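S.K.: Provided herewith: data05.cif, mmCIF, C-alpha atoms.
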data_entry
#
loop_
_atom_site.group_PDB
_atom_site.id
_atom_site.type_symbol
_atom_site.label_atom_id
_atom_site.label_comp_id
_atom_site.auth_asym_id
_atom_site.auth_seq_id
_atom_site.Cartn_x
_atom_site.Cartn_y
_atom_site.Cartn_z
ATOM 1 C CA MET Z 1 -17.445 -20.042 -1.108
ATOM 2 C CA ALA Z 2 -16.907 -21.014 -4.767
ATOM 3 C CA TYR Z 3 -15.111 -18.206 -6.572
ATOM 4 C CA GLY Z 4 -14.834 -19.864 -9.990
ATOM 5 C CA ARG Z 5 -17.957 -18.194 -11.358
ATOM 6 C CA PHE Z 6 -16.834 -14.678 -10.495
ATOM 7 C CA PRO Z 7 -15.068 -12.377 -12.992
ATOM 8 C CA THR Z 8 -11.283 -12.387 -13.161
ATOM 9 C CA GLU Z 9 -8.671 -9.793 -14.051
ATOM 10 C CA ARG Z 10 -5.222 -10.676 -15.389
ATOM 11 C CA PHE Z 11 -2.065 -8.652 -14.784
ATOM 12 C CA TYR Z 12 1.511 -9.158 -15.972
ATOM 13 C CA LEU Z 13 3.834 -7.833 -13.303
ATOM 14 C CA VAL Z 14 7.378 -8.668 -12.149
ATOM 15 C CA GLY Z 15 7.616 -11.283 -14.891
ATOM 16 C CA LYS Z 16 4.538 -13.225 -13.766
ATOM 17 C CA GLU Z 17 0.879 -13.480 -14.665
ATOM 18 C CA ILE Z 18 -1.332 -12.615 -11.696
ATOM 19 C CA VAL Z 19 -4.975 -13.706 -11.912
ATOM 20 C CA ILE Z 20 -7.323 -11.905 -9.536
ATOM 21 C CA THR Z 21 -10.854 -13.186 -8.939
ATOM 22 C CA GLU Z 22 -13.292 -10.471 -7.965
ATOM 23 C CA SER Z 23 -15.894 -11.249 -5.327
ATOM 24 C CA LEU Z 24 -19.393 -9.947 -6.038
ATOM 25 C CA ASN Z 25 -20.822 -10.408 -2.584
ATOM 26 C CA ASP Z 26 -21.491 -8.316 0.498
ATOM 27 C CA ILE Z 27 -17.899 -7.130 1.007
ATOM 28 C CA GLY Z 28 -18.530 -4.368 -1.542
ATOM 29 C CA GLU Z 29 -15.649 -2.489 -3.137
ATOM 30 C CA ALA Z 30 -13.079 -4.541 -1.208
ATOM 31 C CA GLY Z 31 -13.916 -7.488 -3.458
ATOM 32 C CA MET Z 32 -13.160 -5.564 -6.657
ATOM 33 C CA VAL Z 33 -9.780 -4.724 -8.156
ATOM 34 C CA SER Z 34 -9.073 -1.103 -7.288
ATOM 35 C CA SER Z 35 -7.583 1.210 -9.907
ATOM 36 C CA LEU Z 36 -5.355 2.618 -7.158
ATOM 37 C CA GLY Z 37 -4.268 -0.888 -6.214
ATOM 38 C CA ILE Z 38 -3.300 -1.461 -9.834
ATOM 39 C CA GLN Z 39 -1.299 1.775 -9.787
ATOM 40 C CA LEU Z 40 0.555 0.782 -6.610
ATOM 41 C CA ALA Z 41 1.285 -2.725 -7.943
ATOM 42 C CA ARG Z 42 2.694 -1.128 -11.101
ATOM 43 C CA PHE Z 43 4.784 1.228 -8.966
ATOM 44 C CA LEU Z 44 6.343 -1.811 -7.266
ATOM 45 C CA HIS Z 45 6.949 -3.372 -10.678
ATOM 46 C CA TRP Z 46 8.583 -0.248 -12.123
ATOM 47 C CA HIS Z 47 10.809 0.280 -9.054
ATOM 48 C CA GLN Z 48 11.738 -3.292 -8.128
ATOM 49 C CA ASP Z 49 15.487 -2.661 -8.276
ATOM 50 C CA GLU Z 50 15.237 0.454 -6.103
ATOM 51 C CA LEU Z 51 12.863 -1.096 -3.565
ATOM 52 C CA ALA Z 52 14.834 -4.379 -3.276
ATOM 53 C CA LEU Z 53 12.052 -6.119 -1.355
ATOM 54 C CA THR Z 54 13.707 -9.555 -1.298
ATOM 55 C CA GLY Z 55 13.707 -10.801 2.286
ATOM 56 C CA ARG Z 56 12.075 -7.618 3.615
ATOM 57 C CA THR Z 57 8.904 -7.647 5.696
ATOM 58 C CA VAL Z 58 6.026 -5.876 3.958
ATOM 59 C CA LEU Z 59 2.664 -5.076 5.558
ATOM 60 C CA GLU Z 60 -0.263 -4.143 3.333
ATOM 61 C CA LEU Z 61 -3.219 -2.305 4.823
ATOM 62 C CA GLY Z 62 -6.589 -2.856 3.184
ATOM 63 C CA ALA Z 63 -5.248 -5.579 0.891
ATOM 64 C CA GLY Z 64 -8.668 -6.237 -0.691
ATOM 65 C CA THR Z 65 -8.232 -8.622 -3.620
ATOM 66 C CA GLY Z 66 -4.529 -9.057 -2.846
ATOM 67 C CA LEU Z 67 -2.994 -7.716 -6.073
ATOM 68 C CA VAL Z 68 -0.439 -5.485 -4.319
ATOM 69 C CA SER Z 69 0.514 -8.109 -1.717
ATOM 70 C CA ILE Z 70 0.896 -10.787 -4.392
ATOM 71 C CA THR Z 71 3.124 -8.486 -6.441
ATOM 72 C CA ALA Z 72 5.348 -7.816 -3.414
ATOM 73 C CA CYS Z 73 5.481 -11.547 -2.623
ATOM 74 C CA LEU Z 74 6.591 -12.347 -6.170
ATOM 75 C CA MET Z 75 9.374 -9.785 -5.644
ATOM 76 C CA GLY Z 76 10.674 -11.926 -2.762
ATOM 77 C CA ALA Z 77 9.160 -10.059 0.185
ATOM 78 C CA LYS Z 78 7.805 -11.540 3.406
ATOM 79 C CA VAL Z 79 4.269 -10.209 3.088
ATOM 80 C CA ILE Z 80 1.586 -9.730 5.719
ATOM 81 C CA ALA Z 81 -1.661 -8.975 3.864
ATOM 82 C CA THR Z 82 -4.328 -7.461 6.101
ATOM 83 C CA ASP Z 83 -7.930 -6.366 5.842
ATOM 84 C CA ARG Z 84 -11.234 -6.594 7.657
ATOM 85 C CA GLY Z 85 -12.425 -10.058 8.634
ATOM 86 C CA PRO Z 86 -15.198 -10.350 5.996
ATOM 87 C CA VAL Z 87 -12.669 -9.666 3.211
ATOM 88 C CA LEU Z 88 -10.200 -12.399 4.170
ATOM 89 C CA GLY Z 89 -11.967 -15.237 2.314
ATOM 90 C CA SER Z 90 -11.657 -13.513 -1.047
ATOM 91 C CA LEU Z 91 -8.131 -12.338 -0.220
ATOM 92 C CA ASN Z 92 -7.025 -15.851 0.756
ATOM 93 C CA HIS Z 93 -8.445 -17.289 -2.458
ATOM 94 C CA ASN Z 94 -6.372 -14.960 -4.624
ATOM 95 C CA VAL Z 95 -3.263 -15.390 -2.498
ATOM 96 C CA LEU Z 96 -3.403 -19.196 -2.723
ATOM 97 C CA HIS Z 97 -4.237 -19.178 -6.428
ATOM 98 C CA ASN Z 98 -1.266 -16.991 -7.299
ATOM 99 C CA THR Z 99 1.350 -18.067 -4.779
ATOM 100 C CA GLY Z 100 0.268 -21.494 -3.483
ATOM 101 C CA CYS Z 101 1.984 -23.432 -6.261
ATOM 102 C CA ALA Z 102 4.434 -20.733 -7.339
ATOM 103 C CA GLN Z 103 8.085 -20.765 -6.401
ATOM 104 C CA VAL Z 104 7.853 -17.958 -3.842
ATOM 105 C CA SER Z 105 10.486 -17.360 -1.200
ATOM 106 C CA TYR Z 106 7.951 -16.733 1.572
ATOM 107 C CA PRO Z 107 4.217 -17.560 1.720
ATOM 108 C CA ILE Z 108 1.909 -14.608 2.269
ATOM 109 C CA GLU Z 109 0.486 -14.346 5.790
ATOM 110 C CA VAL Z 110 -3.144 -13.188 5.733
ATOM 111 C CA ARG Z 111 -4.310 -11.521 8.935
ATOM 112 C CA PRO Z 112 -7.281 -9.406 10.070
ATOM 113 C CA PHE Z 113 -6.432 -5.812 10.842
ATOM 114 C CA GLU Z 114 -9.133 -3.268 11.583
ATOM 115 C CA TRP Z 115 -7.562 0.115 12.209
ATOM 116 C CA GLY Z 116 -8.226 1.330 15.701
ATOM 117 C CA VAL Z 117 -9.207 -2.207 16.791
ATOM 118 C CA HIS Z 118 -6.211 -4.476 16.133
ATOM 119 C CA ASP Z 119 -3.492 -1.809 16.342
ATOM 120 C CA ALA Z 120 -1.923 -3.295 19.485
ATOM 121 C CA GLU Z 121 -1.401 -6.659 17.750
ATOM 122 C CA PHE Z 122 1.047 -5.032 15.357
ATOM 123 C CA HIS Z 123 2.995 -2.876 17.809
ATOM 124 C CA GLY Z 124 5.627 -5.566 18.275
ATOM 125 C CA VAL Z 125 5.853 -6.463 14.587
ATOM 126 C CA HIS Z 126 8.738 -4.790 12.771
ATOM 127 C CA VAL Z 127 8.019 -4.109 9.120
ATOM 128 C CA ASP Z 128 10.333 -2.614 6.525
ATOM 129 C CA VAL Z 129 7.616 -1.351 4.190
ATOM 130 C CA VAL Z 130 3.937 -0.500 4.649
ATOM 131 C CA LEU Z 131 1.770 -0.473 1.514
ATOM 132 C CA ALA Z 132 -1.682 1.066 1.212
ATOM 133 C CA SER Z 133 -3.925 1.976 -1.707
ATOM 134 C CA ASP Z 134 -7.475 3.321 -1.901
ATOM 135 C CA VAL Z 135 -7.784 3.182 1.877
ATOM 136 C CA VAL Z 136 -9.343 6.615 2.479
ATOM 137 C CA TYR Z 137 -12.841 6.632 1.053
ATOM 138 C CA ARG Z 138 -14.643 7.581 4.261
ATOM 139 C CA GLN Z 139 -13.775 10.237 6.809
ATOM 140 C CA LEU Z 140 -13.662 7.623 9.576
ATOM 141 C CA HIS Z 141 -10.916 5.783 7.686
ATOM 142 C CA ALA Z 142 -8.876 8.971 7.575
ATOM 143 C CA GLN Z 143 -9.202 9.451 11.330
ATOM 144 C CA LEU Z 144 -8.207 5.857 12.102
ATOM 145 C CA LEU Z 145 -5.251 5.860 9.704
ATOM 146 C CA LEU Z 146 -3.912 9.077 11.194
ATOM 147 C CA LYS Z 147 -3.632 7.142 14.442
ATOM 148 C CA THR Z 148 -2.411 3.830 12.978
ATOM 149 C CA LEU Z 149 0.155 4.912 10.383
ATOM 150 C CA PRO Z 150 2.487 6.874 12.703
ATOM 151 C CA GLU Z 151 2.552 3.816 14.985
ATOM 152 C CA LEU Z 152 3.695 1.614 12.107
ATOM 153 C CA ILE Z 153 6.056 4.026 10.345
ATOM 154 C CA ARG Z 154 9.019 4.212 12.699
ATOM 155 C CA GLY Z 155 12.770 4.312 12.179
ATOM 156 C CA GLU Z 156 13.663 3.037 8.727
ATOM 157 C CA THR Z 157 10.167 1.755 7.904
ATOM 158 C CA LYS Z 158 8.812 3.251 4.690
ATOM 159 C CA LEU Z 159 5.247 3.916 3.614
ATOM 160 C CA PHE Z 160 4.064 3.788 0.012
ATOM 161 C CA LEU Z 161 0.551 5.180 -0.231
ATOM 162 C CA CYS Z 162 -1.496 5.363 -3.446
ATOM 163 C CA ILE Z 163 -4.353 7.795 -3.115
ATOM 164 C CA LYS Z 164 -6.595 10.103 -5.110
ATOM 165 C CA PRO Z 165 -7.584 13.382 -3.359
ATOM 166 C CA ARG Z 166 -11.124 13.296 -4.753
ATOM 167 C CA TRP Z 167 -12.785 14.718 -1.643
ATOM 168 C CA ASN Z 168 -11.813 17.555 0.686
ATOM 169 C CA PHE Z 169 -11.402 15.218 3.657
ATOM 170 C CA VAL Z 170 -8.828 13.186 1.674
ATOM 171 C CA ARG Z 171 -6.793 16.322 1.022
ATOM 172 C CA GLU Z 172 -7.075 17.219 4.711
ATOM 173 C CA PHE Z 173 -5.931 13.692 5.576
ATOM 174 C CA LEU Z 174 -2.822 14.133 3.426
ATOM 175 C CA LEU Z 175 -2.023 17.465 5.036
ATOM 176 C CA ASP Z 176 -2.476 15.973 8.523
ATOM 177 C CA LEU Z 177 -0.374 12.946 7.604
ATOM 178 C CA GLY Z 178 2.344 15.289 6.356
ATOM 179 C CA ARG Z 179 2.476 16.760 9.865
ATOM 180 C CA GLU Z 180 2.999 13.271 11.334
ATOM 181 C CA LEU Z 181 5.406 11.849 8.728
ATOM 182 C CA ASP Z 182 7.902 13.107 6.186
ATOM 183 C CA LEU Z 183 6.154 12.655 2.840
ATOM 184 C CA ARG Z 184 7.252 13.095 -0.735
ATOM 185 C CA LEU Z 185 5.261 12.757 -3.919
ATOM 186 C CA ARG Z 186 6.694 10.028 -6.120
ATOM 187 C CA VAL Z 187 4.073 9.710 -8.862
ATOM 188 C CA LEU Z 188 1.323 11.977 -10.170
ATOM 189 C CA GLU Z 189 -0.837 10.339 -12.827
ATOM 190 C CA GLY Z 190 -3.580 11.678 -15.076
ATOM 191 C CA ALA Z 191 -6.119 14.443 -14.838
ATOM 192 C CA ASP Z 192 -7.802 12.857 -11.810
ATOM 193 C CA GLY Z 193 -4.591 13.241 -9.783
ATOM 194 C CA VAL Z 194 -3.776 9.668 -8.711
ATOM 195 C CA ARG Z 195 -0.706 9.950 -6.502
ATOM 196 C CA VAL Z 196 1.860 7.670 -4.913
ATOM 197 C CA TYR Z 197 3.493 9.089 -1.791
ATOM 198 C CA GLU Z 198 6.526 7.817 0.056
ATOM 199 C CA GLY Z 199 6.608 8.416 3.796
ATOM 200 C CA MET Z 200 8.982 7.984 6.724
ATOM 201 C CA GLN Z 201 9.130 8.953 10.367
ATOM 202 C CA LYS Z 202 9.929 12.626 10.907
ATOM 203 C CA GLY Z 203 13.687 13.157 10.853
ATOM 204 C CA CYS Z 204 14.442 9.827 9.147
ATOM 205 C CA SER Z 205 14.266 11.098 5.577
ATOM 206 C CA SER Z 206 16.367 13.485 3.520
ATOM 207 C CA TRP Z 207 13.421 15.281 1.960
ATOM 208 C CA LEU Z 208 11.181 18.014 3.383
ATOM 209 C CA SER Z 209 7.425 17.534 3.450
ATOM 210 C CA GLU Z 210 6.240 21.095 4.075
ATOM 211 C CA ASN Z 211 5.240 21.700 0.446
ATOM 212 C CA PHE Z 212 4.587 18.142 -0.670
ATOM 213 C CA MET Z 213 1.012 18.909 -1.763
ATOM 214 C CA GLU Z 214 2.010 21.827 -3.976
ATOM 215 C CA ASP Z 215 5.415 20.753 -5.309
ATOM 216 C CA GLU Z 216 4.204 18.571 -8.151
ATOM 217 C CA ASP Z 217 6.994 19.484 -10.581
ATOM 218 C CA GLY Z 218 9.247 16.948 -8.865
ATOM 219 C CA ALA Z 219 6.577 14.291 -8.515
ATOM 220 C CA ASN Z 220 8.527 11.761 -10.542
ATOM 221 C CA ASP Z 221 11.988 12.686 -9.238
ATOM 222 C CA ASP Z 222 13.174 9.357 -7.862
ATOM 223 C CA ASN Z 223 16.774 10.469 -7.330
ATOM 224 C CA THR Z 224 16.400 11.934 -3.845
ATOM 225 C CA ASN Z 225 18.895 10.414 -1.407
ATOM 226 C CA GLU Z 226 17.302 8.689 1.558
ATOM 227 C CA SER Z 227 18.483 8.640 5.154
ATOM 228 C CA CYS Z 228 17.967 6.138 7.985
ATOM 229 C CA GLN Z 229 19.132 3.273 5.795
ATOM 230 C CA GLU Z 230 21.008 0.307 7.219
ATOM 231 C CA ASP Z 231 23.314 0.059 4.177
ATOM 232 C CA ASP Z 232 23.945 2.366 1.240
ATOM 233 C CA ASN Z 233 25.119 -0.500 -0.966
#
Turn this file's structure into structure tokens for me.
M.R.:
Amino acid sequence: MAYGRFPTERFYLVGKEIVITESLNDIGEAGMVSSLGIQLARFLHWHQDELALTGRTVLELGAGTGLVSITACLMGAKVIATDRGPVLGSLNHNVLHNTGCAQVSYPIEVRPFEWGVHDAEFHGVHVDVVLASDVVYRQLHAQLLLKTLPELIRGETKLFLCIKPRWNFVREFLLDLGRELDLRLRVLEGADGVRVYEGMQKGCSSWLSENFMEDEDGANDDNTNESCQEDDN
């Protein structure tokens, strides 16, 4: 498919210009740049020293146009960008355009991953960080992710989830996820409540998740010490 005639969005993140081509075809919202994806990419940009992704394996769920995966790649991560099969053409286009000729440490691996279908293919893949944004816009997605995420988030693996609790089932998803993982609210943006959560396996974090939905006063407190780390240096 020729993507040159489709609209593009430009972003300046981690010292690079990222050009994302949107796909106006039958893949729907997955072919458009998500506002939550932008927020998560900016979170990576703002916290690059803390996250120290160089050489780490990063898995993105629902990568869509690839903005978040490309940002992580430009930070030196080994990125596996995943989405449904029909989305991969558009995703590959943006990945190659932004990293094919760039001096990146590791090329992005693009793979299909349908939650509840391809879960077993990733059981043996160790990842350091799982990224997800705007992935819960149907109740079925919430049900599948509640099964998939705890399988991926084990030991020292961290989750960074950008989400907006715009529907009751999204809020219920967050509460259920907080029973499966230790979660803390890292960012709360704007009147519409866009949030970035950090998550780890139960018992592998130093924060408590019981009140993570209500305790918004500390939403931007990034000074919490973290456990289950290989090295404190």
S.K.: Set out as a Markdown table a contact list for region 61-139 of chain Z and region 157-165 of chain Z with a cut-off of 12 Å, giving each residue of region 61-139 of chain Z that qualifies its closest atom pair and distance in Å to one decimal, counting all atoms listed in the file, ordered by chain and rising residue number.
M.R.:
| residue | atom | partner | partner_atom | distance |
| --- | --- | --- | --- | --- |
| Z:Leu61 | CA | Z:Leu161 | CA | 9.8 |
| Z:Gly62 | CA | Z:Leu161 | CA | 11.3 |
| Z:Val68 | CA | Z:Cys162 | CA | 10.9 |
| Z:Val125 | CA | Z:Thr157 | CA | 11.4 |
| Z:His126 | CA | Z:Thr157 | CA | 8.3 |
| Z:Val127 | CA | Z:Thr157 | CA | 6.4 |
| Z:Asp128 | CA | Z:Thr157 | CA | 4.6 |
| Z:Val129 | CA | Z:Lys158 | CA | 4.8 |
| Z:Val130 | CA | Z:Leu159 | CA | 4.7 |
| Z:Leu131 | CA | Z:Phe160 | CA | 5.1 |
| Z:Ala132 | CA | Z:Leu161 | CA | 4.9 |
| Z:Ser133 | CA | Z:Cys162 | CA | 4.5 |
| Z:Asp134 | CA | Z:Ile163 | CA | 5.6 |
| Z:Val135 | CA | Z:Ile163 | CA | 7.6 |
| Z:Val136 | CA | Z:Ile163 | CA | 7.6 |
| Z:Tyr137 | CA | Z:Lys164 | CA | 9.4 |
| Z:Arg138 | CA | Z:Pro165 | CA | 11.9 |
S.K.: Evaluating the PyMOL selection byres ((chain Z and resi 141-153) around 6) on the displayed file yields which residues, as a list in words?
M.R.: Trp115, Gly116, Val136, Arg138, Gln139, Leu140, Arg154, Thr157, Phe173 and Gln201 of chain Z
S.K.: At what distance in Å, to one decimal, does CA of Val33 (chain Z) lie from CA of Val110 (chain Z)?
M.R.: 17.6 Å
S.K.: Take the PyMOL selection byres ((chain Z and resi 9) around 6), apply it to the structure above, and return the hits as number ranges by chain.
M.R.: Z: 8, 10, 19-20
S.K.: I need the chosen residues saved as a compact mmCIF listing (two decimals), keeping the file's coordinate frame, with C-alpha atoms.
M.R.:
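Writing the result to out20.txt gives the following:
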# COMPACT_ATOMS: atom_id res chain seq x y z
CA THR Z 8 -11.28 -12.39 -13.16
CA ARG Z 10 -5.22 -10.68 -15.39
CA VAL Z 19 -4.97 -13.71 -11.91
CA ILE Z 20 -7.32 -11.90 -9.54
S.K.: For a test of reading the model, state the distance in Å between CA of Leu13 (chain Z) and CA of Gly66 (chain Z), rounded to one decimal.
M.R.: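 Value for the CA of Leu13 (chain Z)-CA of Gly66 (chain Z) distance: 13.4 Å.
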S.K.: Carefully work through the PyMOL selection byres ((chain Z and resi 69) around 9) for this structure and note down the residues it includes, as a PyMOL selection string.
M.R.: chain Z and resi 41+58-60+63+65-68+70-74+79-81+95+108+131
S.K.: Between CA of Leu36 (chain Z) and CA of Asn92 (chain Z), measure the distance and give it in Å to one decimal.
M.R.: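 Computed distance, CA of Leu36 (chain Z) to CA of Asn92 (chain Z), equals 20.2 Å.
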S.K.: Taking all listed atoms of region 12-19 of chain Z, build the axis-aligned box, pad each of the six sides by 8 Å, then write its centre and edge lengths in Å to one decimal as AutoDock Vina command-line options.
M.R.:
--center_x 1.3 --center_y -10.8 --center_z -13.8 --size_x 28.6 --size_y 21.9 --size_z 20.3
S.K.: Just checking: using all atoms listed in the file, which residue out of Z:Trp46, Z:Trp167, Z:Met32, Z:Val14 ends up closest to Val187 (chain Z)?
M.R.: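 The shortest atom-to-atom distance to Val187 (chain Z) comes from Z:Trp46.
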S.K.: Please provide as a VMD selection string all residues within 9 Å of Leu181 (chain Z), with the sequence filter that same-chain residues fewer than 2 positions apart are discarded (counting only C-alpha atoms).
M.R.: chain Z and resid 149 to 150 153 176 to 179 183 199 to 203 209
S.K.: Given the point (-8.1, 12.7, -9.8) in the coordinates of this file, which residues lie within 7 Å, counting all atoms listed in the file, and how would they look as a PDB file with C-alpha atoms, in the coordinates of the input?
M.R.:
ATOM      1  CA  LYS Z 164      -6.595  10.103  -5.110  1.00  0.00           C
ATOM      2  CA  PRO Z 165      -7.584  13.382  -3.359  1.00  0.00           C
ATOM      3  CA  ARG Z 166     -11.124  13.296  -4.753  1.00  0.00           C
ATOM      4  CA  ALA Z 191      -6.119  14.443 -14.838  1.00  0.00           C
ATOM      5  CA  ASP Z 192      -7.802  12.857 -11.810  1.00  0.00           C
ATOM      6  CA  GLY Z 193      -4.591  13.241  -9.783  1.00  0.00           C
ATOM      7  CA  VAL Z 194      -3.776   9.668  -8.711  1.00  0.00           C
TER       8      VAL Z 194
END
